[in-house]
file work-v3.cif (mmCIF, C-alpha atoms)
data_query
#
loop_
_atom_site.label_atom_id
_atom_site.label_comp_id
_atom_site.auth_asym_id
_atom_site.auth_seq_id
_atom_site.Cartn_x
_atom_site.Cartn_y
_atom_site.Cartn_z
CA MET A 24 -15.96 8.36 2.98
CA VAL A 25 -15.35 4.61 3.46
CA ASN A 26 -18.89 4.55 4.78
CA LYS A 27 -20.32 6.02 1.56
CA LEU A 28 -18.10 3.94 -0.68
CA TRP A 29 -19.04 0.72 1.07
CA PHE A 30 -22.72 1.60 0.76
CA PHE A 31 -22.25 2.49 -2.92
CA PHE A 32 -20.41 -0.76 -3.77
CA ILE A 33 -22.99 -2.98 -2.10
CA VAL A 34 -26.18 -1.24 -3.26
CA VAL A 35 -25.06 -0.53 -6.84
CA GLY A 36 -23.46 -3.96 -7.14
CA ILE A 37 -26.59 -5.84 -6.08
CA ALA A 38 -28.82 -3.57 -8.21
CA VAL A 39 -26.70 -4.16 -11.33
CA ALA A 40 -26.68 -7.89 -10.68
CA ALA A 41 -30.50 -7.86 -10.35
CA ILE A 42 -31.01 -5.90 -13.57
CA SER A 43 -28.63 -8.06 -15.58
CA GLY A 44 -30.39 -11.15 -14.27
CA ASP A 45 -27.36 -12.52 -12.49
CA ILE A 46 -28.63 -12.25 -8.93
CA GLN A 47 -27.40 -15.67 -7.84
CA SER A 48 -23.80 -14.55 -8.38
CA VAL A 49 -24.20 -12.10 -5.49
CA THR A 50 -24.61 -14.88 -2.95
CA THR A 51 -21.62 -16.80 -4.28
CA THR A 52 -19.43 -13.69 -4.36
CA LEU A 53 -20.53 -12.67 -0.90
CA LEU A 54 -19.55 -15.97 0.65
CA ASP A 55 -16.33 -16.28 -1.37
CA SER A 56 -15.17 -12.76 -0.52
CA ALA A 57 -15.91 -13.15 3.18
CA GLU A 58 -13.88 -16.33 3.20
CA LYS A 59 -11.08 -14.56 1.33
CA GLY A 60 -11.06 -11.84 4.00
CA VAL A 61 -10.47 -14.38 6.73
CA THR A 62 -7.88 -16.25 4.64
CA VAL A 63 -5.96 -13.04 3.90
CA ALA A 64 -6.01 -12.06 7.59
CA PHE A 65 -4.75 -15.49 8.65
CA GLY A 66 -2.16 -15.39 5.90
CA LEU A 67 -0.87 -12.20 7.47
CA ILE A 68 -0.28 -13.86 10.85
CA SER A 69 3.02 -15.48 9.84
CA ILE A 70 4.36 -12.33 8.19
CA LEU A 71 3.20 -10.02 10.97
CA THR A 72 4.62 -12.28 13.67
CA PHE A 73 7.99 -12.56 11.97
CA TRP A 74 8.46 -8.89 11.14
CA LEU A 75 7.23 -7.67 14.52
CA GLY A 76 9.86 -9.95 16.06
CA ILE A 77 12.59 -8.48 13.86
CA MET A 78 11.30 -5.00 14.60
CA LYS A 79 11.66 -5.57 18.33
CA LEU A 80 15.31 -6.44 17.71
CA ILE A 81 15.79 -3.28 15.65
CA GLU A 82 14.22 -1.32 18.50
CA LYS A 83 16.19 -2.90 21.36
CA SER A 84 19.58 -2.97 19.65
CA GLY A 85 19.50 0.74 18.91
CA LEU A 86 19.58 0.23 15.13
CA LEU A 87 16.52 2.37 14.99
CA ASN A 88 18.34 5.42 16.27
CA VAL A 89 20.90 5.07 13.48
CA LEU A 90 18.17 5.02 10.86
CA VAL A 91 16.20 7.80 12.47
CA LYS A 92 19.29 10.02 12.51
CA ILE A 93 19.82 9.61 8.77
CA MET A 94 16.24 10.37 7.77
CA LYS A 95 15.52 12.98 10.44
CA PRO A 96 15.61 16.14 8.29
CA PHE A 97 13.30 14.62 5.70
CA ALA A 98 10.82 13.38 8.29
CA LYS A 99 10.86 16.68 10.15
CA PHE A 100 9.67 18.38 7.00
CA LEU A 101 6.92 15.81 6.34
CA PHE A 102 5.67 15.42 9.91
CA PRO A 103 6.10 18.72 11.73
CA ASP A 104 3.57 17.68 14.42
CA VAL A 105 5.36 14.48 15.44
CA PRO A 106 8.19 14.92 17.99
CA VAL A 107 11.42 13.56 16.48
CA ASN A 108 12.10 11.30 19.45
CA HIS A 109 8.59 9.86 19.67
CA PRO A 110 8.24 6.12 18.83
CA ALA A 111 5.77 7.10 16.10
CA MET A 112 8.58 8.75 14.17
CA SER A 113 10.73 5.61 14.35
CA ALA A 114 7.90 3.41 13.11
CA ILE A 115 7.16 5.83 10.27
CA LEU A 116 10.80 5.86 9.20
CA LEU A 117 11.04 2.07 9.33
CA ASN A 118 7.86 1.64 7.32
CA MET A 119 9.18 4.03 4.67
CA SER A 120 12.51 2.17 4.51
CA ALA A 121 10.73 -1.17 4.08
CA ASN A 122 8.54 0.29 1.32
CA LEU A 123 11.56 1.68 -0.48
CA LEU A 124 13.09 -1.79 -0.60
CA GLY A 125 9.89 -3.30 -1.92
CA MET A 126 9.37 -5.31 1.25
CA GLY A 127 5.62 -5.05 1.25
CA SER A 128 5.31 -7.80 3.85
CA ALA A 129 7.54 -5.92 6.26
CA ALA A 130 6.04 -2.52 5.55
CA THR A 131 2.48 -3.37 6.65
CA PRO A 132 3.16 -4.37 10.28
CA LEU A 133 5.53 -1.43 10.63
CA GLY A 134 2.86 0.85 9.20
CA LEU A 135 0.25 -0.47 11.64
CA LYS A 136 2.67 0.13 14.49
CA ALA A 137 3.16 3.69 13.28
CA MET A 138 -0.60 4.28 13.20
CA GLU A 139 -0.90 2.95 16.75
CA GLN A 140 1.77 5.38 17.93
CA LEU A 141 0.26 8.27 15.98
CA GLN A 142 -3.06 7.55 17.66
CA GLU A 143 -1.39 8.22 21.01
CA LEU A 144 -0.56 11.73 19.82
CA ASN A 145 -4.02 12.20 18.35
CA GLN A 146 -6.42 14.52 20.20
CA ASP A 147 -9.67 13.18 18.72
CA LYS A 148 -9.46 9.37 18.65
CA LYS A 149 -12.20 8.97 16.04
CA THR A 150 -10.77 11.47 13.57
CA ALA A 151 -7.57 11.13 11.54
CA SER A 152 -4.79 13.56 12.49
CA ASP A 153 -2.76 15.60 9.99
CA ALA A 154 0.24 13.32 10.49
CA MET A 155 -1.88 10.20 9.83
CA CYS A 156 -3.15 11.68 6.57
CA THR A 157 0.37 12.54 5.42
CA PHE A 158 1.63 9.10 6.42
CA LEU A 159 -1.11 7.38 4.43
CA ALA A 160 -0.60 9.71 1.46
CA ILE A 161 3.02 8.56 1.25
CA ASN A 162 2.04 4.94 1.79
CA THR A 163 -0.71 4.77 -0.81
CA SER A 164 1.51 6.41 -3.41
CA SER A 165 4.01 3.61 -2.71
CA LEU A 166 7.62 4.82 -2.86
CA THR A 167 9.45 1.86 -4.38
CA ILE A 168 13.00 1.20 -5.53
CA ILE A 169 12.63 -2.51 -6.22
CA PRO A 170 9.23 -3.66 -7.52
CA THR A 171 9.92 -7.24 -6.47
CA THR A 172 6.50 -8.72 -7.26
CA VAL A 173 6.36 -7.21 -10.73
CA ILE A 174 9.85 -8.46 -11.62
CA ALA A 175 8.83 -11.94 -10.52
CA LEU A 176 5.63 -11.73 -12.55
CA ARG A 177 7.50 -10.58 -15.67
CA MET A 178 9.87 -13.52 -15.30
CA ALA A 179 6.93 -15.87 -14.99
CA THR A 180 5.26 -14.57 -18.15
CA GLY A 181 8.42 -15.04 -20.22
CA SER A 182 9.91 -11.56 -20.45
CA THR A 183 13.36 -11.32 -22.07
CA ASP A 184 14.22 -8.43 -19.75
CA PRO A 185 12.22 -8.60 -16.49
CA THR A 186 13.98 -5.66 -14.79
CA LYS A 187 13.51 -3.28 -17.72
CA ILE A 188 10.64 -1.51 -15.97
CA VAL A 189 12.60 -0.63 -12.81
CA GLY A 190 13.59 2.79 -14.17
CA THR A 191 10.09 3.72 -15.31
CA THR A 192 8.65 2.46 -12.03
CA ILE A 193 10.97 4.68 -9.98
CA ILE A 194 10.07 7.74 -12.08
CA ALA A 195 6.33 7.02 -11.94
CA THR A 196 6.40 6.36 -8.20
CA LEU A 197 8.32 9.59 -7.61
CA CYS A 198 5.69 11.51 -9.60
CA SER A 199 2.81 10.03 -7.60
CA SER A 200 4.59 10.59 -4.27
CA ILE A 201 5.40 14.22 -5.07
CA VAL A 202 1.77 14.77 -6.08
CA ALA A 203 0.57 13.01 -2.91
CA ILE A 204 2.74 15.14 -0.61
CA THR A 205 1.80 18.37 -2.40
CA VAL A 206 -1.94 17.67 -2.43
CA ASP A 207 -1.79 16.55 1.22
CA ARG A 208 -0.23 19.90 2.18
CA LEU A 209 -2.87 21.83 0.25
CA PHE A 210 -5.76 19.86 1.77
CA ARG A 211 -4.30 20.22 5.25
CA LYS A 212 -4.55 23.99 4.92
CA VAL A 213 -8.08 23.83 3.50
CA TYR A 214 -9.30 21.53 6.29
CA ARG A 215 -7.59 23.45 9.08
CA GLY A 216 -10.59 25.69 9.67
CA ARG A 217 -13.03 22.80 10.13
CA MET B 3 20.02 -4.30 -14.43
CA GLY B 4 22.09 -7.10 -12.92
CA PHE B 5 22.67 -4.98 -9.84
CA ILE B 6 18.97 -4.36 -9.29
CA SER B 7 17.95 -8.01 -9.54
CA ILE B 8 20.78 -8.95 -7.17
CA LEU B 9 19.64 -6.23 -4.80
CA SER B 10 16.06 -7.49 -4.77
CA GLN B 11 17.23 -11.04 -4.06
CA TRP B 12 19.55 -10.02 -1.25
CA ALA B 13 17.62 -7.20 0.44
CA ILE B 14 15.60 -9.28 2.92
CA PRO B 15 18.23 -11.90 3.90
CA VAL B 16 20.86 -9.18 4.34
CA MET B 17 18.51 -7.11 6.46
CA VAL B 18 17.66 -10.03 8.76
CA PHE B 19 21.35 -10.99 8.98
CA LEU B 20 22.47 -7.48 9.89
CA VAL B 21 19.71 -6.94 12.44
CA VAL B 22 20.38 -10.21 14.25
CA LEU B 23 24.17 -9.75 14.14
CA TYR B 24 24.05 -6.13 15.30
CA SER B 25 21.63 -6.97 18.12
CA TYR B 26 23.82 -9.85 19.31
CA ILE B 27 26.94 -7.69 19.32
CA LYS B 28 25.07 -5.04 21.29
CA GLY B 29 24.31 -7.64 23.94
CA VAL B 30 20.60 -8.03 23.23
CA GLU B 31 19.03 -11.39 24.11
CA VAL B 32 18.13 -12.03 20.50
CA PHE B 33 15.76 -14.99 20.84
CA ASP B 34 13.76 -13.65 23.78
CA THR B 35 13.48 -10.22 22.22
CA PHE B 36 12.28 -11.64 18.91
CA VAL B 37 9.60 -13.72 20.62
CA GLU B 38 8.50 -10.76 22.70
CA GLY B 39 7.90 -8.69 19.58
CA ALA B 40 6.40 -11.57 17.62
CA LYS B 41 3.68 -12.10 20.23
CA GLU B 42 1.77 -9.10 18.90
CA GLY B 43 1.54 -10.58 15.39
CA PHE B 44 -1.43 -12.85 15.96
CA GLN B 45 -3.55 -10.25 17.74
CA THR B 46 -2.94 -7.66 15.03
CA ALA B 47 -3.94 -10.08 12.28
CA VAL B 48 -7.13 -11.18 14.04
CA LYS B 49 -8.10 -7.55 14.64
CA LEU B 50 -8.04 -7.04 10.86
CA ILE B 51 -10.61 -9.74 10.01
CA PRO B 52 -13.81 -7.66 10.27
CA PHE B 53 -12.36 -4.84 8.19
CA LEU B 54 -11.03 -7.15 5.51
CA VAL B 55 -14.27 -9.12 5.23
CA ALA B 56 -16.36 -5.94 4.97
CA MET B 57 -14.23 -4.44 2.23
CA LEU B 58 -13.63 -7.59 0.18
CA VAL B 59 -17.33 -8.44 0.14
CA ALA B 60 -18.29 -4.98 -1.14
CA ILE B 61 -15.58 -4.97 -3.80
CA GLY B 62 -16.44 -8.53 -4.83
CA ILE B 63 -20.13 -7.76 -5.32
CA PHE B 64 -19.35 -4.56 -7.22
CA ARG B 65 -16.89 -6.32 -9.54
CA ASP B 66 -18.77 -9.55 -10.21
CA SER B 67 -22.12 -7.85 -10.82
CA GLY B 68 -20.70 -6.11 -13.89
CA ALA B 69 -20.92 -2.63 -12.34
CA PHE B 70 -17.17 -2.37 -12.63
CA ALA B 71 -17.22 -3.12 -16.35
CA ILE B 72 -19.91 -0.47 -16.93
CA ILE B 73 -17.76 2.23 -15.31
CA THR B 74 -14.77 1.18 -17.40
CA LYS B 75 -16.85 1.43 -20.59
CA LEU B 76 -18.13 4.90 -19.67
CA LEU B 77 -14.65 6.24 -19.00
CA SER B 78 -12.77 4.78 -21.96
CA PRO B 79 -13.72 7.45 -24.59
CA ILE B 80 -12.23 10.18 -22.39
CA THR B 81 -9.05 8.34 -21.48
CA GLU B 82 -8.47 7.19 -25.05
CA ARG B 83 -8.36 10.82 -26.18
CA VAL B 84 -5.51 11.57 -23.74
CA GLY B 85 -3.52 8.67 -25.17
CA ILE B 86 -4.22 6.10 -22.47
CA PRO B 87 -4.79 2.66 -24.00
CA SER B 88 -8.25 1.40 -23.05
CA GLU B 89 -6.78 -2.06 -22.34
CA VAL B 90 -5.02 -0.79 -19.21
CA LEU B 91 -7.95 1.25 -17.91
CA PRO B 92 -9.57 -1.59 -15.94
CA LEU B 93 -6.20 -2.18 -14.27
CA ALA B 94 -5.90 1.48 -13.31
CA LEU B 95 -9.39 1.36 -11.80
CA MET B 96 -8.75 -1.93 -10.02
CA ARG B 97 -5.34 -0.99 -8.59
CA PRO B 98 -6.57 1.25 -5.73
CA ILE B 99 -9.38 -1.18 -4.86
CA SER B 100 -7.87 -4.64 -4.81
CA GLY B 101 -4.22 -5.68 -4.73
CA SER B 102 -4.87 -9.28 -5.71
CA GLY B 103 -7.40 -8.17 -8.34
CA ALA B 104 -4.87 -5.80 -9.89
CA LEU B 105 -2.16 -8.43 -9.84
CA ALA B 106 -4.52 -10.80 -11.64
CA MET B 107 -5.27 -8.14 -14.28
CA THR B 108 -1.56 -7.39 -14.77
CA THR B 109 -0.89 -11.10 -15.26
CA GLU B 110 -3.71 -11.30 -17.77
CA LEU B 111 -2.46 -8.25 -19.72
CA MET B 112 1.06 -9.66 -19.89
CA GLN B 113 -0.13 -13.06 -21.01
CA THR B 114 -2.36 -11.56 -23.71
CA TYR B 115 -0.04 -8.87 -25.10
CA GLY B 116 3.36 -10.08 -23.85
CA PRO B 117 5.42 -8.66 -20.97
CA ASP B 118 7.75 -6.88 -23.42
CA SER B 119 4.99 -5.04 -25.29
CA MET B 120 4.09 -1.40 -24.60
CA LEU B 121 0.95 -2.56 -22.75
CA GLY B 122 3.08 -4.98 -20.75
CA TYR B 123 5.49 -2.19 -19.78
CA ILE B 124 2.70 0.16 -18.77
CA ALA B 125 0.95 -2.54 -16.75
CA SER B 126 4.23 -3.48 -15.00
CA THR B 127 5.11 0.12 -14.22
CA LEU B 128 1.61 0.87 -12.97
CA GLN B 129 1.54 -2.22 -10.78
CA GLY B 130 4.91 -1.36 -9.23
CA SER B 131 4.48 2.37 -8.73
CA THR B 132 1.07 2.50 -7.07
CA ASP B 133 -0.47 0.77 -4.09
CA THR B 134 -3.85 -0.55 -3.01
CA THR B 135 -5.16 2.73 -1.61
CA PHE B 136 -8.48 1.42 -0.26
CA TYR B 137 -6.85 -1.56 1.41
CA ILE B 138 -4.23 0.59 3.10
CA LEU B 139 -6.81 3.14 4.25
CA THR B 140 -9.17 0.44 5.55
CA VAL B 141 -6.53 -1.59 7.35
CA TYR B 142 -4.45 1.26 8.74
CA PHE B 143 -7.35 3.39 9.95
CA GLY B 144 -9.43 0.34 10.90
CA SER B 145 -6.76 -1.08 13.19
CA ILE B 146 -6.87 1.98 15.44
CA GLY B 147 -10.59 2.72 15.17
CA ILE B 148 -10.50 5.95 13.16
CA ARG B 149 -13.93 6.74 11.68
CA ARG B 150 -13.46 10.17 10.10
CA ILE B 151 -10.59 9.88 7.65
CA ARG B 152 -10.98 13.48 6.37
CA TYR B 153 -9.16 14.04 3.07
CA ALA B 154 -6.95 10.91 3.16
CA MET B 155 -8.88 9.02 0.50
CA THR B 156 -9.05 11.95 -1.91
CA VAL B 157 -5.29 12.47 -1.64
CA GLY B 158 -4.66 8.75 -2.17
CA LEU B 159 -6.82 8.63 -5.28
CA ILE B 160 -5.29 11.79 -6.77
CA ALA B 161 -1.84 10.25 -6.22
CA ASP B 162 -2.99 7.04 -7.94
CA ALA B 163 -4.24 9.01 -10.94
CA ALA B 164 -0.93 10.89 -11.09
CA GLY B 165 0.99 7.61 -10.90
CA PHE B 166 -1.14 6.13 -13.67
CA ILE B 167 -0.66 9.06 -16.04
CA ALA B 168 3.06 9.21 -15.22
CA ALA B 169 3.41 5.46 -15.92
CA VAL B 170 1.83 5.82 -19.37
CA ILE B 171 3.90 8.89 -20.32
CA VAL B 172 7.22 7.56 -18.98
CA CYS B 173 6.79 4.19 -20.71
CA LYS B 174 5.87 5.81 -24.02
CA LEU B 175 8.88 8.15 -23.80
CA LEU B 176 11.55 5.77 -22.52
CA LEU B 177 10.61 2.28 -23.68
CA THR B 178 10.02 1.72 -27.36
#

call {"tool": "encode", "arguments": {"input": "work-v3.cif", "output": "structure tokens"}}
result
Amino acid sequence: MVNKLWFFFIVVGIAVAAISGDIQSVTTTLLDSAEKGVTVAFGLISILTFWLGIMKLIEKSGLLNVLVKIMKPFAKFLFPDVPVNHPAMSAILLNMSANLLGMGSAATPLGLKAMEQLQELNQDKKTASDAMCTFLAINTSSLTIIPTTVIALRMATGSTDPTKIVGTTIIATLCSSIVAITVDRLFRKVYRGR
Amino acid sequence: MGFISILSQWAIPVMVFLVVLYSYIKGVEVFDTFVEGAKEGFQTAVKLIPFLVAMLVAIGIFRDSGAFAIITKLLSPITERVGIPSEVLPLALMRPISGSGALAMTTELMQTYGPDSMLGYIASTLQGSTDTTFYILTVYFGSIGIRRIRYAMTVGLIADAAGFIAAVIVCKLLLT
């Protein structure tokens, strides 16, 4: 799917630029975006390094087991294929906790760690497992309690009540997460046979 | 309200404080352990470069060529009928594709219509309740070399659509 989408974006994009007579913008965009990709990746180094360091502490100190114990029943329901004591489960739970607190910077490295661990359990290394699909469904629907960035942005644009949207955000995010989990379950059954 | 803004300010410092304190009490060599974990940070980031460049280039070309605007124009008559303001449609389409692009659009909407307008509320709620689906799929699957992502993208996009519709309805019902 990423394959097709990537093809679609590039071919349609260049074609539209050619038709509208703005072909030189393609070259500029191409170089700018490539540079942005490298910049973003390098920007992640500091965050990744810091949070992976903190995560090691959480792992070694046994804090992880405390957290895992609390969220165990919930995770068991969502990820029936992942053994509760497997490191993948811990990483998943940590990523979800970080997302809940709106710590996007912490959530990404934890999420990548979870994917790495899930890959160990995966039979076919080139194909996504059921657990990976569920994990990404929850991640892309973004369970948030504190939308930190948005609150900051509202402050910056002169809102009289920057946190007013917290309630609506929680309701909307709950809706999208419930839909994500439900649709994921349905699709899992449909794809089972293939 | 006060509680929530205090919570968002304190969440990260408190978490770091508790983790370091708890580890120390448990007898963990805090500095050495931190460094040991941190070592992986650089490698992980560098591994992401090819995936990020590939995706950002494609999105950039698609957006700057005007193809993105055409799609928005084609969809707006349908969405308008359901009660979705056409001003927030580009944001809803951008959100799954580009995090920084969506943030820029949200900023623009709030500056044009005001953060405390209905459009401002919808844009804020939408920005906070959904995530950059394509980015997450690319980075997460890319980092471990998954090629066939099966139904993951479809589920992500359906969830985004649900979040978008929910944001519009909830804002219209609760914030007037």

call {"tool": "resolve_selection", "arguments": {"input": "work-v3.cif", "expression": "the PyMOL selection byres ((chain B and resi 22-29) around 12)", "output": "JSON list (two decimals) with C-alpha atoms, in the coordinates of the input"}}
result
[["chain", "number", "residue", "atom", "x", "y", "z"],
["A", 76, "GLY", "CA", 9.86, -9.95, 16.06],
["A", 77, "ILE", "CA", 12.59, -8.48, 13.86],
["A", 78, "MET", "CA", 11.30, -5.00, 14.60],
["A", 79, "LYS", "CA", 11.66, -5.57, 18.33],
["A", 80, "LEU", "CA", 15.31, -6.44, 17.71],
["A", 81, "ILE", "CA", 15.79, -3.28, 15.65],
["A", 82, "GLU", "CA", 14.22, -1.32, 18.50],
["A", 83, "LYS", "CA", 16.19, -2.90, 21.36],
["A", 84, "SER", "CA", 19.58, -2.97, 19.65],
["A", 85, "GLY", "CA", 19.50, 0.74, 18.91],
["A", 86, "LEU", "CA", 19.58, 0.23, 15.13],
["A", 87, "LEU", "CA", 16.52, 2.37, 14.99],
["A", 89, "VAL", "CA", 20.90, 5.07, 13.48],
["B", 15, "PRO", "CA", 18.23, -11.90, 3.90],
["B", 16, "VAL", "CA", 20.86, -9.18, 4.34],
["B", 17, "MET", "CA", 18.51, -7.11, 6.46],
["B", 18, "VAL", "CA", 17.66, -10.03, 8.76],
["B", 19, "PHE", "CA", 21.35, -10.99, 8.98],
["B", 20, "LEU", "CA", 22.47, -7.48, 9.89],
["B", 21, "VAL", "CA", 19.71, -6.94, 12.44],
["B", 30, "VAL", "CA", 20.60, -8.03, 23.23],
["B", 31, "GLU", "CA", 19.03, -11.39, 24.11],
["B", 32, "VAL", "CA", 18.13, -12.03, 20.50],
["B", 33, "PHE", "CA", 15.76, -14.99, 20.84],
["B", 34, "ASP", "CA", 13.76, -13.65, 23.78],
["B", 35, "THR", "CA", 13.48, -10.22, 22.22],
["B", 36, "PHE", "CA", 12.28, -11.64, 18.91]]

call {"tool": "resolve_selection", "arguments": {"input": "work-v3.cif", "expression": "the PyMOL selection byres ((chain B and resi 95) around 10)", "output": "PDB file with C-alpha atoms, keeping the file's coordinate frame"}}
result
ATOM      1  CA  PHE B  70     -17.170  -2.370 -12.630  1.00  0.00           C
ATOM      2  CA  ILE B  73     -17.760   2.230 -15.310  1.00  0.00           C
ATOM      3  CA  THR B  74     -14.770   1.180 -17.400  1.00  0.00           C
ATOM      4  CA  VAL B  90      -5.020  -0.790 -19.210  1.00  0.00           C
ATOM      5  CA  LEU B  91      -7.950   1.250 -17.910  1.00  0.00           C
ATOM      6  CA  PRO B  92      -9.570  -1.590 -15.940  1.00  0.00           C
ATOM      7  CA  LEU B  93      -6.200  -2.180 -14.270  1.00  0.00           C
ATOM      8  CA  ALA B  94      -5.900   1.480 -13.310  1.00  0.00           C
ATOM      9  CA  MET B  96      -8.750  -1.930 -10.020  1.00  0.00           C
ATOM     10  CA  ARG B  97      -5.340  -0.990  -8.590  1.00  0.00           C
ATOM     11  CA  PRO B  98      -6.570   1.250  -5.730  1.00  0.00           C
ATOM     12  CA  ILE B  99      -9.380  -1.180  -4.860  1.00  0.00           C
ATOM     13  CA  SER B 100      -7.870  -4.640  -4.810  1.00  0.00           C
ATOM     14  CA  ALA B 104      -4.870  -5.800  -9.890  1.00  0.00           C
ATOM     15  CA  ASP B 162      -2.990   7.040  -7.940  1.00  0.00           C
ATOM     16  CA  ALA B 163      -4.240   9.010 -10.940  1.00  0.00           C
ATOM     17  CA  PHE B 166      -1.140   6.130 -13.670  1.00  0.00           C
TER      18      PHE B 166
END

call {"tool": "resolve_selection", "arguments": {"input": "work-v3.cif", "expression": "the PyMOL selection byres ((chain B and resi 119) around 12)", "output": "list in words"}}
result
Arg177, Thr180, Gly181, Ser182, Thr183, Asp184, Pro185, Lys187 and Ile188 of chain A; Leu111, Met112, Gln113, Thr114, Tyr115, Gly116, Pro117, Asp118, Met120, Leu121, Gly122, Tyr123, Ile124, Ala125, Ser126, Cys173, Lys174, Leu177 and Thr178 of chain B

call {"tool": "residues_around", "arguments": {"input": "work-v3.cif", "residues": "segment 41-49 of chain B", "least_positions_apart": "2", "cutoff": "10 Å", "atoms": "all atoms listed in the file", "output": "PyMOL selection string"}}
result
(chain A and resi 61+63-76+132+135-136) or (chain B and resi 36-39+51-54+141+144-146)

call {"tool": "atom_distance", "arguments": {"input": "work-v3.cif", "atom1": "atom CA of Leu53 of chain A", "atom2": "atom CA of Val34 of chain A"}}
result
13.0 Å

call {"tool": "residues_around", "arguments": {"input": "work-v3.cif", "residues": "Asp55 of chain A", "least_positions_apart": "3", "cutoff": "12 Å", "atoms": "only C-alpha atoms", "output": "compact mmCIF listing (two decimals) with C-alpha atoms, in the frame of the given file"}}
result
# COMPACT_ATOMS: atom_id res chain seq x y z
CA SER A 48 -23.80 -14.55 -8.38
CA VAL A 49 -24.20 -12.10 -5.49
CA THR A 50 -24.61 -14.88 -2.95
CA THR A 51 -21.62 -16.80 -4.28
CA THR A 52 -19.43 -13.69 -4.36
CA GLU A 58 -13.88 -16.33 3.20
CA LYS A 59 -11.08 -14.56 1.33
CA GLY A 60 -11.06 -11.84 4.00
CA VAL A 61 -10.47 -14.38 6.73
CA THR A 62 -7.88 -16.25 4.64
CA VAL B 55 -14.27 -9.12 5.23
CA LEU B 58 -13.63 -7.59 0.18
CA VAL B 59 -17.33 -8.44 0.14
CA ALA B 60 -18.29 -4.98 -1.14
CA ILE B 61 -15.58 -4.97 -3.80
CA GLY B 62 -16.44 -8.53 -4.83
CA ILE B 63 -20.13 -7.76 -5.32
CA ASP B 66 -18.77 -9.55 -10.21

call {"tool": "axis_aligned_box", "arguments": {"input": "work-v3.cif", "around": "segment 33-41 of chain A", "padding_each_side": "3 Å", "output": "AutoDock Vina command-line options"}}
result
--center_x -26.7 --center_y -4.2 --center_z -6.7 --size_x 13.5 --size_y 13.4 --size_z 15.2

call {"tool": "atom_distance", "arguments": {"input": "work-v3.cif", "atom1": "atom CA of Phe143 of chain B", "atom2": "atom CA of Thr108 of chain B"}}
result
27.6 Å

call {"tool": "residues_around", "arguments": {"input": "work-v3.cif", "residues": "Asn162 of chain A", "least_positions_apart": "3", "cutoff": "9 Å", "atoms": "all atoms listed in the file", "output": "list in words"}}
result
Asn118, Met119, Asn122, Gly134, Thr157, Phe158, Leu159, Ser165, Leu166 and Ser200 of chain A; Asp133, Thr135, Ile138 and Gly158 of chain B

call {"tool": "atom_distance", "arguments": {"input": "work-v3.cif", "atom1": "atom CA of Met155 of chain B", "atom2": "atom CA of Leu90 of chain A"}}
result
29.2 Å

call {"tool": "closest_residue", "arguments": {"input": "work-v3.cif", "among": "A:Val105, A:Leu197, A:Ala98, A:Cys156", "to": "chain B", "atoms": "only C-alpha atoms"}}
result
A:Cys156

call {"tool": "residues_around", "arguments": {"input": "work-v3.cif", "residues": "Ser152 of chain A", "least_positions_apart": "5", "cutoff": "10 Å", "atoms": "all atoms listed in the file", "output": "MDAnalysis selection string"}}
result
(chainID A and resid 104 141:142 144:147 157:158 211) or (chainID B and resid 148 150:152 154)
